[in-house]
$ cat start.pdb   # PDB, C-alpha atoms
ATOM      1  CA  MET N   1     -31.664 -64.913 -55.358
ATOM      2  CA  LEU N   2     -32.498 -61.262 -54.659
ATOM      3  CA  ASN N   3     -31.387 -58.861 -57.394
ATOM      4  CA  ILE N   4     -30.101 -55.625 -55.887
ATOM      5  CA  GLY N   5     -29.424 -52.173 -57.278
ATOM      6  CA  LEU N   6     -26.919 -50.077 -55.318
ATOM      7  CA  ALA N   7     -27.150 -46.277 -55.212
ATOM      8  CA  GLY N   8     -23.873 -44.635 -54.225
ATOM      9  CA  LEU N   9     -20.300 -45.847 -54.793
ATOM     10  CA  GLY N  10     -18.509 -43.814 -52.152
ATOM     11  CA  TRP N  11     -16.491 -45.324 -49.272
ATOM     12  CA  TRP N  12     -19.376 -47.381 -47.930
ATOM     13  CA  GLY N  13     -20.886 -48.164 -51.322
ATOM     14  CA  LYS N  14     -17.555 -49.727 -52.305
ATOM     15  CA  HIS N  15     -17.564 -51.762 -49.102
ATOM     16  CA  MET N  16     -21.122 -52.927 -49.818
ATOM     17  CA  THR N  17     -20.060 -53.982 -53.313
ATOM     18  CA  ARG N  18     -17.215 -56.090 -51.955
ATOM     19  CA  THR N  19     -19.459 -57.531 -49.244
ATOM     20  CA  LEU N  20     -22.159 -58.608 -51.699
ATOM     21  CA  GLU N  21     -19.599 -60.628 -53.643
ATOM     22  CA  GLN N  22     -19.672 -63.064 -50.697
ATOM     23  CA  SER N  23     -23.445 -63.479 -50.644
ATOM     24  CA  LYS N  24     -25.276 -66.577 -51.827
ATOM     25  CA  LYS N  25     -28.635 -64.847 -51.423
ATOM     26  CA  ILE N  26     -28.099 -61.460 -53.099
ATOM     27  CA  ASN N  27     -26.889 -60.564 -56.567
ATOM     28  CA  LEU N  28     -25.711 -57.000 -57.289
ATOM     29  CA  VAL N  29     -27.039 -56.360 -60.793
ATOM     30  CA  ARG N  30     -26.735 -52.588 -61.204
ATOM     31  CA  ALA N  31     -25.245 -49.502 -59.553
ATOM     32  CA  ALA N  32     -25.982 -45.791 -59.764
ATOM     33  CA  GLU N  33     -23.425 -43.085 -58.979
ATOM     34  CA  VAL N  34     -23.685 -39.353 -59.677
ATOM     35  CA  ASN N  35     -19.886 -39.101 -60.008
ATOM     36  CA  ILE N  36     -19.784 -41.975 -62.469
ATOM     37  CA  ASP N  37     -16.831 -40.565 -64.436
ATOM     38  CA  GLY N  38     -14.689 -40.568 -61.296
ATOM     39  CA  MET N  39     -15.618 -44.176 -60.496
ATOM     40  CA  GLN N  40     -14.742 -45.826 -63.801
ATOM     41  CA  ASP N  41     -11.752 -47.753 -62.415
ATOM     42  CA  PHE N  42     -13.832 -49.233 -59.571
ATOM     43  CA  ILE N  43     -16.720 -49.983 -61.939
ATOM     44  CA  ALA N  44     -14.401 -51.800 -64.339
ATOM     45  CA  GLU N  45     -12.565 -53.699 -61.596
ATOM     46  CA  ASN N  46     -15.882 -55.022 -60.257
ATOM     47  CA  SER N  47     -17.553 -55.551 -63.656
ATOM     48  CA  LEU N  48     -20.499 -53.388 -62.612
ATOM     49  CA  LEU N  49     -23.367 -52.340 -64.829
ATOM     50  CA  ALA N  50     -23.444 -48.696 -63.782
ATOM     51  CA  THR N  51     -25.445 -45.583 -64.511
ATOM     52  CA  GLY N  52     -25.254 -41.952 -63.484
ATOM     53  CA  ASN N  53     -29.018 -41.738 -62.937
ATOM     54  CA  PHE N  54     -30.729 -43.079 -59.799
ATOM     55  CA  ASP N  55     -34.035 -43.363 -61.654
ATOM     56  CA  ASP N  56     -32.535 -46.041 -63.905
ATOM     57  CA  LEU N  57     -32.590 -48.381 -60.902
ATOM     58  CA  LEU N  58     -36.316 -47.721 -60.489
ATOM     59  CA  THR N  59     -37.229 -48.577 -64.064
ATOM     60  CA  ASP N  60     -35.015 -51.660 -64.311
ATOM     61  CA  SER N  61     -37.327 -54.691 -64.090
ATOM     62  CA  ASN N  62     -34.332 -56.837 -63.129
ATOM     63  CA  VAL N  63     -33.875 -54.888 -59.874
ATOM     64  CA  ASP N  64     -35.942 -56.265 -56.975
ATOM     65  CA  ALA N  65     -34.563 -54.041 -54.231
ATOM     66  CA  ILE N  66     -32.362 -50.977 -53.814
ATOM     67  CA  ILE N  67     -29.583 -50.222 -51.346
ATOM     68  CA  LEU N  68     -29.138 -46.534 -50.558
ATOM     69  CA  ALA N  69     -25.526 -45.610 -49.745
ATOM     70  CA  THR N  70     -26.214 -41.958 -50.529
ATOM     71  CA  PRO N  71     -26.057 -38.643 -48.607
ATOM     72  CA  HIS N  72     -28.422 -38.675 -45.651
ATOM     73  CA  ALA N  73     -30.591 -35.751 -46.768
ATOM     74  CA  LEU N  74     -31.553 -37.700 -49.923
ATOM     75  CA  HIS N  75     -32.866 -40.767 -48.105
ATOM     76  CA  GLU N  76     -36.509 -39.827 -47.620
ATOM     77  CA  ASN N  77     -37.114 -38.863 -51.248
ATOM     78  CA  GLN N  78     -35.203 -41.865 -52.582
ATOM     79  CA  ILE N  79     -37.055 -44.267 -50.282
ATOM     80  CA  ALA N  80     -40.387 -42.876 -51.431
ATOM     81  CA  LYS N  81     -39.415 -43.171 -55.104
ATOM     82  CA  ALA N  82     -38.126 -46.714 -54.669
ATOM     83  CA  ALA N  83     -41.230 -47.822 -52.747
ATOM     84  CA  ASN N  84     -43.525 -46.262 -55.334
ATOM     85  CA  ALA N  85     -41.656 -48.223 -57.995
ATOM     86  CA  GLY N  86     -42.325 -51.443 -56.059
ATOM     87  CA  LYS N  87     -38.702 -51.900 -54.961
ATOM     88  CA  HIS N  88     -37.761 -53.096 -51.495
ATOM     89  CA  VAL N  89     -35.403 -50.626 -49.798
ATOM     90  CA  PHE N  90     -32.295 -51.090 -47.670
ATOM     91  CA  CYS N  91     -31.291 -47.637 -46.420
ATOM     92  CA  GLU N  92     -27.877 -46.997 -44.962
ATOM     93  CA  LYS N  93     -28.092 -45.209 -41.636
ATOM     94  CA  PRO N  94     -29.543 -42.880 -40.706
ATOM     95  CA  LEU N  95     -33.031 -43.631 -42.021
ATOM     96  CA  GLY N  96     -33.739 -39.895 -41.837
ATOM     97  CA  LEU N  97     -32.741 -36.752 -39.996
ATOM     98  CA  THR N  98     -36.069 -36.127 -38.235
ATOM     99  CA  LYS N  99     -38.654 -38.367 -36.620
ATOM    100  CA  ALA N 100     -41.309 -37.083 -39.030
ATOM    101  CA  SER N 101     -39.115 -38.004 -41.989
ATOM    102  CA  ALA N 102     -38.536 -41.517 -40.643
ATOM    103  CA  LYS N 103     -42.268 -41.985 -40.117
ATOM    104  CA  ARG N 104     -42.976 -40.917 -43.699
ATOM    105  CA  SER N 105     -40.398 -43.382 -45.038
ATOM    106  CA  VAL N 106     -41.834 -46.255 -43.015
ATOM    107  CA  ALA N 107     -45.356 -45.323 -44.143
ATOM    108  CA  ALA N 108     -44.305 -45.171 -47.816
ATOM    109  CA  CYS N 109     -42.842 -48.681 -47.653
ATOM    110  CA  ASN N 110     -45.860 -50.065 -45.823
ATOM    111  CA  LYS N 111     -48.249 -48.487 -48.319
ATOM    112  CA  ALA N 112     -46.313 -50.024 -51.209
ATOM    113  CA  GLY N 113     -46.033 -53.397 -49.462
ATOM    114  CA  VAL N 114     -42.230 -53.473 -49.617
ATOM    115  CA  ILE N 115     -39.673 -54.377 -46.942
ATOM    116  CA  LEU N 116     -37.574 -51.618 -45.375
ATOM    117  CA  GLY N 117     -34.122 -52.443 -44.015
ATOM    118  CA  VAL N 118     -31.611 -50.170 -42.274
ATOM    119  CA  GLY N 119     -27.819 -50.378 -42.027
ATOM    120  CA  HIS N 120     -27.588 -51.060 -38.296
ATOM    121  CA  GLU N 121     -25.386 -54.114 -38.448
ATOM    122  CA  ARG N 122     -24.229 -53.856 -34.821
ATOM    123  CA  ARG N 123     -27.377 -55.808 -33.938
ATOM    124  CA  PHE N 124     -25.708 -58.823 -35.539
ATOM    125  CA  GLU N 125     -22.511 -58.685 -33.455
ATOM    126  CA  PRO N 126     -22.334 -61.841 -31.299
ATOM    127  CA  ALA N 127     -21.273 -59.843 -28.225
ATOM    128  CA  LEU N 128     -24.129 -57.356 -28.486
ATOM    129  CA  GLN N 129     -26.595 -60.162 -29.095
ATOM    130  CA  GLU N 130     -25.329 -61.799 -25.894
ATOM    131  CA  ILE N 131     -25.780 -58.533 -23.979
ATOM    132  CA  LYS N 132     -29.295 -58.219 -25.388
ATOM    133  CA  ARG N 133     -30.043 -61.775 -24.226
ATOM    134  CA  MET N 134     -28.704 -61.084 -20.736
ATOM    135  CA  ILE N 135     -30.895 -58.000 -20.429
ATOM    136  CA  SER N 136     -33.992 -59.767 -21.764
ATOM    137  CA  GLU N 137     -33.542 -62.714 -19.401
ATOM    138  CA  GLY N 138     -32.913 -60.520 -16.363
ATOM    139  CA  GLU N 139     -29.333 -61.646 -15.724
ATOM    140  CA  LEU N 140     -28.150 -58.070 -15.125
ATOM    141  CA  GLY N 141     -31.027 -57.225 -12.776
ATOM    142  CA  THR N 142     -32.523 -53.747 -13.021
ATOM    143  CA  ILE N 143     -30.702 -51.785 -15.728
ATOM    144  CA  MET N 144     -29.099 -48.699 -14.231
ATOM    145  CA  GLN N 145     -27.044 -47.165 -17.029
ATOM    146  CA  ALA N 146     -25.170 -47.796 -20.260
ATOM    147  CA  GLU N 147     -21.972 -46.282 -21.640
ATOM    148  CA  ALA N 148     -20.836 -46.614 -25.234
ATOM    149  CA  ASN N 149     -18.140 -45.217 -27.497
ATOM    150  CA  PHE N 150     -17.602 -45.712 -31.228
ATOM    151  CA  SER N 151     -14.673 -43.660 -32.507
ATOM    152  CA  HIS N 152     -12.222 -43.816 -35.388
ATOM    153  CA  ASP N 153     -10.298 -41.586 -37.774
ATOM    154  CA  ILE N 154     -11.341 -43.186 -41.079
ATOM    155  CA  LEU N 155     -13.265 -40.013 -41.959
ATOM    156  CA  ALA N 156     -10.855 -37.570 -40.312
ATOM    157  CA  ASN N 157      -9.459 -36.051 -43.505
ATOM    158  CA  MET N 158     -12.499 -35.524 -45.667
ATOM    159  CA  PRO N 159     -12.097 -32.858 -48.362
ATOM    160  CA  GLU N 160     -13.531 -29.415 -47.716
ATOM    161  CA  GLY N 161     -17.166 -29.287 -48.787
ATOM    162  CA  ASP N 162     -17.730 -33.054 -48.588
ATOM    163  CA  TRP N 163     -21.338 -33.747 -47.599
ATOM    164  CA  ARG N 164     -20.185 -35.613 -44.486
ATOM    165  CA  THR N 165     -18.751 -32.349 -43.104
ATOM    166  CA  LYS N 166     -22.009 -30.415 -43.415
ATOM    167  CA  SER N 167     -24.669 -30.089 -40.733
ATOM    168  CA  ASP N 168     -27.529 -30.269 -43.234
ATOM    169  CA  ASN N 169     -26.465 -33.829 -44.128
ATOM    170  CA  ALA N 170     -24.452 -35.015 -41.130
ATOM    171  CA  PRO N 171     -25.370 -32.991 -38.038
ATOM    172  CA  ALA N 172     -23.585 -33.271 -34.691
ATOM    173  CA  ALA N 173     -20.084 -34.381 -35.752
ATOM    174  CA  GLY N 174     -19.858 -38.193 -35.796
ATOM    175  CA  MET N 175     -23.442 -38.802 -34.693
ATOM    176  CA  THR N 176     -24.726 -39.936 -38.093
ATOM    177  CA  ALA N 177     -21.535 -41.850 -38.904
ATOM    178  CA  MET N 178     -20.892 -43.701 -35.618
ATOM    179  CA  GLY N 179     -23.118 -42.497 -32.806
ATOM    180  CA  ILE N 180     -26.290 -43.579 -34.590
ATOM    181  CA  HIS N 181     -25.170 -47.221 -34.232
ATOM    182  CA  LEU N 182     -24.895 -46.776 -30.469
ATOM    183  CA  SER N 183     -28.280 -45.092 -30.165
ATOM    184  CA  ASP N 184     -29.818 -47.882 -32.256
ATOM    185  CA  ALA N 185     -28.400 -50.492 -29.878
ATOM    186  CA  TYR N 186     -29.754 -48.475 -26.951
ATOM    187  CA  VAL N 187     -33.275 -48.302 -28.399
ATOM    188  CA  TRP N 188     -33.088 -52.037 -29.210
ATOM    189  CA  MET N 189     -32.083 -52.948 -25.658
ATOM    190  CA  PHE N 190     -33.702 -50.268 -23.469
ATOM    191  CA  GLY N 191     -36.622 -48.908 -25.477
ATOM    192  CA  PRO N 192     -37.423 -45.315 -26.477
ATOM    193  CA  ALA N 193     -35.577 -42.340 -25.059
ATOM    194  CA  GLU N 194     -37.388 -39.660 -23.059
ATOM    195  CA  GLU N 195     -34.877 -36.815 -23.092
ATOM    196  CA  VAL N 196     -31.345 -36.047 -24.241
ATOM    197  CA  TYR N 197     -28.615 -33.484 -23.670
ATOM    198  CA  ALA N 198     -25.793 -33.349 -26.222
ATOM    199  CA  GLN N 199     -22.694 -31.325 -27.004
ATOM    200  CA  VAL N 200     -20.312 -31.046 -29.948
ATOM    201  CA  ALA N 201     -16.739 -29.753 -29.957
ATOM    202  CA  HIS N 202     -14.497 -28.486 -32.778
ATOM    203  CA  ARG N 203     -11.018 -29.656 -31.816
ATOM    204  CA  VAL N 204      -8.909 -30.693 -34.806
ATOM    205  CA  ALA N 205     -10.888 -31.192 -38.003
ATOM    206  CA  LYS N 206     -11.873 -27.983 -39.766
ATOM    207  CA  GLN N 207     -15.405 -28.938 -40.611
ATOM    208  CA  GLU N 208     -18.699 -27.245 -39.943
ATOM    209  CA  ASN N 209     -20.328 -30.046 -37.940
ATOM    210  CA  GLY N 210     -17.495 -30.635 -35.421
ATOM    211  CA  ASP N 211     -15.310 -33.658 -34.723
ATOM    212  CA  VAL N 212     -16.530 -34.990 -31.367
ATOM    213  CA  VAL N 213     -20.041 -35.502 -29.965
ATOM    214  CA  MET N 214     -21.328 -36.717 -26.618
ATOM    215  CA  ALA N 215     -24.898 -37.294 -25.467
ATOM    216  CA  GLN N 216     -26.552 -38.063 -22.135
ATOM    217  CA  ILE N 217     -29.861 -39.896 -22.433
ATOM    218  CA  ARG N 218     -32.768 -40.731 -20.134
ATOM    219  CA  PHE N 219     -34.912 -43.630 -21.320
ATOM    220  CA  LYS N 220     -38.635 -43.988 -20.696
ATOM    221  CA  SER N 221     -37.811 -47.221 -18.867
ATOM    222  CA  GLY N 222     -35.912 -45.159 -16.258
ATOM    223  CA  SER N 223     -32.327 -46.122 -17.105
ATOM    224  CA  LEU N 224     -29.670 -43.655 -18.212
ATOM    225  CA  GLY N 225     -27.217 -43.771 -21.101
ATOM    226  CA  TYR N 226     -24.117 -41.986 -22.353
ATOM    227  CA  LEU N 227     -22.556 -42.166 -25.808
ATOM    228  CA  ASN N 228     -19.528 -40.630 -27.463
ATOM    229  CA  ALA N 229     -18.162 -40.564 -31.019
ATOM    230  CA  THR N 230     -14.825 -38.963 -31.915
ATOM    231  CA  MET N 231     -13.836 -38.633 -35.573
ATOM    232  CA  VAL N 232     -10.113 -37.874 -35.167
ATOM    233  CA  THR N 233      -8.747 -40.608 -32.919
ATOM    234  CA  PRO N 234      -7.569 -44.188 -33.537
ATOM    235  CA  PHE N 235     -10.263 -46.862 -33.535
ATOM    236  CA  PHE N 236     -12.028 -47.486 -30.236
ATOM    237  CA  MET N 237     -15.291 -49.328 -29.625
ATOM    238  CA  ARG N 238     -16.777 -50.096 -26.220
ATOM    239  CA  TYR N 239     -20.320 -50.957 -25.107
ATOM    240  CA  GLN N 240     -21.070 -51.453 -21.401
ATOM    241  CA  VAL N 241     -24.283 -52.001 -19.435
ATOM    242  CA  PHE N 242     -24.549 -51.746 -15.658
ATOM    243  CA  GLY N 243     -27.310 -53.586 -13.821
ATOM    244  CA  SER N 244     -28.169 -54.064 -10.163
ATOM    245  CA  GLU N 245     -26.942 -57.681 -10.290
ATOM    246  CA  ALA N 246     -24.101 -57.550 -12.806
ATOM    247  CA  TRP N 247     -22.342 -55.476 -15.434
ATOM    248  CA  VAL N 248     -21.190 -56.507 -18.891
ATOM    249  CA  GLU N 249     -18.778 -54.900 -21.360
ATOM    250  CA  ALA N 250     -18.002 -55.585 -25.008
ATOM    251  CA  ARG N 251     -14.723 -54.141 -26.313
ATOM    252  CA  ASP N 252     -13.706 -54.540 -29.955
ATOM    253  CA  SER N 253     -10.176 -54.869 -31.319
ATOM    254  CA  ALA N 254     -10.872 -53.555 -34.833
ATOM    255  CA  HIS N 255     -13.429 -51.679 -36.898
ATOM    256  CA  PRO N 256     -16.247 -54.034 -37.973
ATOM    257  CA  GLU N 257     -15.174 -53.459 -41.579
ATOM    258  CA  HIS N 258     -11.927 -55.297 -40.779
ATOM    259  CA  GLY N 259     -13.185 -58.069 -38.480
ATOM    260  CA  GLY N 260     -11.133 -58.759 -35.377
ATOM    261  CA  LEU N 261     -12.027 -60.001 -31.902
ATOM    262  CA  THR N 262     -14.432 -58.757 -29.263
ATOM    263  CA  THR N 263     -13.663 -59.215 -25.569
ATOM    264  CA  LEU N 264     -16.829 -59.770 -23.547
ATOM    265  CA  THR N 265     -16.397 -59.218 -19.798
ATOM    266  CA  VAL N 266     -19.053 -59.971 -17.180
ATOM    267  CA  CYS N 267     -18.906 -59.183 -13.483
ATOM    268  CA  LYS N 268     -21.697 -60.556 -11.265
ATOM    269  CA  LYS N 269     -22.521 -59.287  -7.793
ATOM    270  CA  GLY N 270     -20.064 -60.756  -5.288
ATOM    271  CA  GLY N 271     -17.784 -62.020  -8.035
ATOM    272  CA  THR N 272     -14.845 -60.856 -10.097
ATOM    273  CA  PRO N 273     -14.760 -59.916 -13.807
ATOM    274  CA  GLU N 274     -14.625 -62.869 -16.185
ATOM    275  CA  SER N 275     -13.672 -62.369 -19.838
ATOM    276  CA  ARG N 276     -13.890 -64.345 -23.039
ATOM    277  CA  THR N 277     -13.159 -63.494 -26.644
ATOM    278  CA  MET N 278     -15.693 -63.754 -29.432
ATOM    279  CA  GLU N 279     -14.934 -63.912 -33.155
ATOM    280  CA  ALA N 280     -16.344 -61.070 -35.221
ATOM    281  CA  SER N 281     -18.873 -62.015 -37.865
ATOM    282  CA  ASN N 282     -19.524 -60.277 -41.177
ATOM    283  CA  THR N 283     -22.317 -58.198 -39.715
ATOM    284  CA  VAL N 284     -22.873 -56.103 -42.863
ATOM    285  CA  LEU N 285     -23.527 -59.270 -44.855
ATOM    286  CA  ASP N 286     -25.633 -60.704 -42.011
ATOM    287  CA  ASN N 287     -27.847 -57.604 -42.070
ATOM    288  CA  LEU N 288     -28.269 -57.643 -45.844
ATOM    289  CA  GLU N 289     -29.104 -61.339 -45.890
ATOM    290  CA  ASN N 290     -31.610 -60.915 -43.048
ATOM    291  CA  PHE N 291     -33.228 -58.242 -45.252
ATOM    292  CA  ALA N 292     -33.244 -60.705 -48.177
ATOM    293  CA  ASP N 293     -34.786 -63.423 -45.994
ATOM    294  CA  ALA N 294     -37.542 -61.037 -44.912
ATOM    295  CA  ILE N 295     -38.331 -60.302 -48.564
ATOM    296  CA  ALA N 296     -38.374 -64.032 -49.367
ATOM    297  CA  GLY N 297     -40.671 -64.701 -46.403
ATOM    298  CA  THR N 298     -38.156 -67.025 -44.753
ATOM    299  CA  GLY N 299     -37.218 -64.725 -41.885
ATOM    300  CA  THR N 300     -38.223 -61.689 -39.818
ATOM    301  CA  TYR N 301     -36.207 -58.506 -40.110
ATOM    302  CA  ILE N 302     -34.370 -57.754 -36.871
ATOM    303  CA  ASN N 303     -35.015 -54.002 -36.812
ATOM    304  CA  LYS N 304     -38.654 -53.261 -35.943
ATOM    305  CA  GLN N 305     -40.175 -50.228 -37.617
ATOM    306  CA  ALA N 306     -41.039 -48.586 -34.284
ATOM    307  CA  GLU N 307     -37.363 -48.892 -33.280
ATOM    308  CA  MET N 308     -36.257 -47.367 -36.586
ATOM    309  CA  ILE N 309     -38.450 -44.331 -35.868
ATOM    310  CA  GLU N 310     -37.453 -44.010 -32.204
ATOM    311  CA  ASN N 311     -33.759 -44.065 -33.112
ATOM    312  CA  ILE N 312     -34.259 -41.134 -35.481
ATOM    313  CA  ALA N 313     -36.277 -39.347 -32.798
ATOM    314  CA  LEU N 314     -33.203 -39.662 -30.576
ATOM    315  CA  LEU N 315     -30.919 -38.430 -33.382
ATOM    316  CA  GLU N 316     -33.180 -35.419 -33.900
ATOM    317  CA  GLY N 317     -33.074 -34.737 -30.156
ATOM    318  CA  VAL N 318     -29.261 -34.827 -30.198
ATOM    319  CA  THR N 319     -29.218 -32.405 -33.125
ATOM    320  CA  GLN N 320     -31.631 -30.003 -31.414
ATOM    321  CA  SER N 321     -29.738 -30.152 -28.124
ATOM    322  CA  VAL N 322     -26.442 -29.385 -29.859
ATOM    323  CA  ALA N 323     -28.058 -26.401 -31.604
ATOM    324  CA  THR N 324     -29.771 -24.963 -28.514
ATOM    325  CA  GLY N 325     -27.544 -26.041 -25.640
ATOM    326  CA  ASN N 326     -30.620 -27.333 -23.822
ATOM    327  CA  VAL N 327     -32.036 -30.646 -22.664
ATOM    328  CA  VAL N 328     -34.515 -31.815 -25.311
ATOM    329  CA  LYS N 329     -37.691 -33.702 -24.427
ATOM    330  CA  LEU N 330     -38.555 -36.349 -27.030
TER     331      LEU N 330
END
$ encode --input "start.pdb" --output "structure tokens"
Amino acid sequence: MLNIGLAGLGWWGKHMTRTLEQSKKINLVRAAEVNIDGMQDFIAENSLLATGNFDDLLTDSNVDAIILATPHALHENQIAKAANAGKHVFCEKPLGLTKASAKRSVAACNKAGVILGVGHERRFEPALQEIKRMISEGELGTIMQAEANFSHDILANMPEGDWRTKSDNAPAAGMTAMGIHLSDAYVWMFGPAEEVYAQVAHRVAKQENGDVVMAQIRFKSGSLGYLNATMVTPFFMRYQVFGSEAWVEARDSAHPEHGGLTTLTVCKKGGTPESRTMEASNTVLDNLENFADAIAGTGTYINKQAEMIENIALLEGVTQSVATGNVVKL
């Protein structure tokens, strides 16, 4: 059993707490939250041993690994501190805000000999794993382009000044909240990006970083990609890949937090679209337990370190393109 310390009890930290209650491989033994006074009801309801000091997780000999559900700008420093303390680290996305930062975090974990995990649970969705298989086995032919959208309004009414509304923590509207999952899937399936052009709009939400982002991507492999994330619209999730021999689309009925069904549609050359539904799995738990298996030596972590870094390189490119209005070479 892996003993975990959780840093951050915000929206996602609460979800992680509830998720870990279902695990037979991970035991949540301690939590750290800077706003500990405002979290007392949740702490009591979940019988958590909680502290207001992150460093208490580092000095607790009962903590084997740390989950970071903290503001993005804190990740690099917290990863380094955790690694130096000999703790394995599971960092909620994004791993960092610049490629250089991501490389430093990976290097810190490697130097300390600890496992680094990242909160990209979309890799565990049955439909996306099927699309990955189809690409790898050549069923789609030459990959031409991909289109993806991950939008919802869960974070549409954040209070003024919340860190998720600020460009220094969450640049480019919903890119670090939703878009980063799409770019991770792209890097996983198509390899590193070569260049990107991105735009942000301020339409409804009165927040500094905008409420809708789109990005056009050219991959080193030659294929093209488009992604969109809107923070003020009802839930929508679509992931589609077009190849020279077939196209495939995954469309979800509900946010992964709530389960639901995914409709997978395939259309082969000369044929007509054929659809089937796939049950959602608990991908957050799947990711955490894959991380635990990697620590135990009974499994290999799904997210390769080079892919972690390349995804942040793409995020940084999106951020730079939004700021300059130009195509950014990666």
$ atom_distance --input "start.pdb" --atom1 "CA of Thr277 (chain N)" --atom2 "CA of Glu130 (chain N)"
12.3 Å
$ closest_residue --input "start.pdb" --among "N:His88, N:His120, N:Val204, N:Asp168" --to "Ala294 (chain N)" --atoms "all atoms listed in the file"
N:His88
$ resolve_selection --input "start.pdb" --expression "the PyMOL selection byres ((chain N and resi 223) around 7)" --output "PyMOL selection string"
chain N and resi 143-145+218-219+221-222+224-225
$ resolve_selection --input "start.pdb" --expression "the PyMOL selection byres ((chain N and resi 95) around 9)" --output "list in words"
His72, His75, Glu76, Cys91, Glu92, Lys93, Pro94, Gly96, Leu97, Thr98, Ser101, Ala102, Ser105, Val118, Gly119, Met308, Ile309, Asn311 and Ile312 of chain N
$ write_last_selection --input "start.pdb" --atoms "C-alpha atoms" --output "tab-separated table (two decimals), keeping the file's coordinate frame"
chain	number	residue	atom	x	y	z
N	72	HIS	CA	-28.42	-38.67	-45.65
N	75	HIS	CA	-32.87	-40.77	-48.10
N	76	GLU	CA	-36.51	-39.83	-47.62
N	91	CYS	CA	-31.29	-47.64	-46.42
N	92	GLU	CA	-27.88	-47.00	-44.96
N	93	LYS	CA	-28.09	-45.21	-41.64
N	94	PRO	CA	-29.54	-42.88	-40.71
N	96	GLY	CA	-33.74	-39.90	-41.84
N	97	LEU	CA	-32.74	-36.75	-40.00
N	98	THR	CA	-36.07	-36.13	-38.24
N	101	SER	CA	-39.12	-38.00	-41.99
N	102	ALA	CA	-38.54	-41.52	-40.64
N	105	SER	CA	-40.40	-43.38	-45.04
N	118	VAL	CA	-31.61	-50.17	-42.27
N	119	GLY	CA	-27.82	-50.38	-42.03
N	308	MET	CA	-36.26	-47.37	-36.59
N	309	ILE	CA	-38.45	-44.33	-35.87
N	311	ASN	CA	-33.76	-44.06	-33.11
N	312	ILE	CA	-34.26	-41.13	-35.48
$ residues_around --input "start.pdb" --residues "Ile43 (chain N)" --least-positions-apart "2" --cutoff "12 Å" --atoms "only C-alpha atoms" --output "JSON, numbers by chain"
{"N": [8, 9, 10, 13, 14, 17, 18, 30, 31, 32, 33, 35, 36, 37, 38, 39, 40, 41, 45, 46, 47, 48, 49, 50, 51, 52]}
$ residues_around --input "start.pdb" --residues "Ala112 (chain N)" --least-positions-apart "3" --cutoff "8 Å" --atoms "all atoms listed in the file" --output "PyMOL selection string"
chain N and resi 83-84+86+108-109
$ axis_aligned_box --input "start.pdb" --around "region 195-212 of chain N" --padding-each-side "4 Å" --output "lines of an AutoDock Vina configuration file"
center_x = -21.9
center_y = -32.0
center_z = -31.9
size_x = 34.0
size_y = 17.6
size_z = 25.5
$ closest_residue --input "start.pdb" --among "N:Val106, N:Met178, N:Ala313, N:Ile115" --to "Glu195 (chain N)" --atoms "all atoms listed in the file"
N:Ala313
$ residues_near_point --input "start.pdb" --point "(-19.0, -55.8, -16.3)" --cutoff "8 Å" --atoms "all atoms listed in the file" --output "ChimeraX atom specification"
/N:240-242,246-249,265-268,273
$ closest_residue --input "start.pdb" --among "N:Ala193, N:Leu28, N:Val89, N:Ala127" --to "Val318 (chain N)" --atoms "all atoms listed in the file"
N:Ala193
$ residues_around --input "start.pdb" --residues "Ala254 (chain N)" --least-positions-apart "5" --cutoff "9 Å" --atoms "all atoms listed in the file" --output "JSON, numbers by chain"
{"N": [235, 236, 237, 259, 260, 261, 262]}
$ resolve_selection --input "start.pdb" --expression "the PyMOL selection byres ((chain N and resi 151) around 6)" --output "list of chain:residue names"
N:Phe150, N:His152, N:Ala229, N:Thr230, N:Met231, N:Phe235, N:Phe236
$ closest_residue --input "start.pdb" --among "N:Asn110, N:Gln305, N:Gln22, N:Asn228" --to "Gly179 (chain N)" --atoms "all atoms listed in the file"
N:Asn228
$ atom_distance --input "start.pdb" --atom1 "CA of Arg123 (chain N)" --atom2 "CA of Phe291 (chain N)"
13.0 Å
$ closest_residue --input "start.pdb" --among "N:Val322, N:Val114, N:Leu314, N:Met134" --to "Gly210 (chain N)" --atoms "all atoms listed in the file"
N:Val322
$ residues_around --input "start.pdb" --residues "Trp11 (chain N)" --least-positions-apart "5" --cutoff "10 Å" --atoms "all atoms listed in the file" --output "PyMOL selection string"
chain N and resi 16+69+154-155
$ residues_around --input "start.pdb" --residues "Asn209 (chain N)" --least-positions-apart "5" --cutoff "6 Å" --atoms "only C-alpha atoms" --output "list in words"
Thr165, Lys166, Ser167, Pro171, Ala172 and Ala173 of chain N
